[in-house]
Amino acid sequence: MNTQEIQEVLNHLIIGITALYAIVMVVDFVAGIVHLWQKFTLNIEYHTNNTTSEQSHLESIDIKKSLKLENQNQSTNRIISKPEPQPDNFVSIDVDKIDLRTARKIATAIKKASTSNHDLIIKQKVNSKSVPLAWLQSQIQHRLELAPEIVAPIIRELAPTAFTSVRENIQHSNIAKTCKRQVS
């Protein structure tokens, strides 16, 4: 075999490899398009079914509510009333009003009160360094959300200034609005 024949064989081989590569790319592109189309149609079907199921669920809830109202109207012998909370009774706890010394006392009191629940214990030192006030306040807030029946009385006793009623908040916000109007 001379060099010219070898050159022709190599040229045919390169053309064949290039054609095979182009065919693989086209097949992969078409398969990707088909796959995307299937996902798209499944997504449309899901949203259509989901929307109709949500509508039917909402309709069933409406029917249940109307039936419940009809039953309440029909049974006048039993009157069920839920006590509605009075706005004066709403009390919120502003943990930001707790100072460092009081926060440490609260953490100690929570530790003593929660001997059975170790999740409520607040560490006051990390790596033998005292934790900052902001960290203690956030931990107290978290424990208050976890076990308000344990933590709220402790805060009420040790930090009564942290308790604010909704009426006070409304009055403070009205005063702030009035001051802003006067400044403007």
# chains A, B, ... in the order shown; residues from 1 in each chain; ligands from 1

$ residues_around --residues "Leu120 of chain A" --least-positions-apart "6" --cutoff "9 Å" --atoms "only C-alpha atoms" --output "NGL selection string"
:A and (110-111 or 114 or 142-143 or 146-147)

$ residues_around --residues "Ile106 of chain A" --least-positions-apart "4" --cutoff "9 Å" --atoms "only C-alpha atoms" --output "list in words"
Arg101, Thr102, Ile110, Lys111, Ile140, Val151, Ile154, Ile155, Leu158 and Ala159 of chain A

$ closest_residue --among "A:Ile6, A:Ala107, A:Ala113, A:Ile17" --to "Lys125 of chain A" --atoms "only C-alpha atoms"
A:Ala107

$ atom_distance --atom1 "atom CA of Ala103 of chain A" --atom2 "atom CA of Thr115 of chain A"
18.8 Å

$ atom_distance --atom1 "atom CA of Ala152 of chain A" --atom2 "atom CA of Ser130 of chain A"
23.9 Å
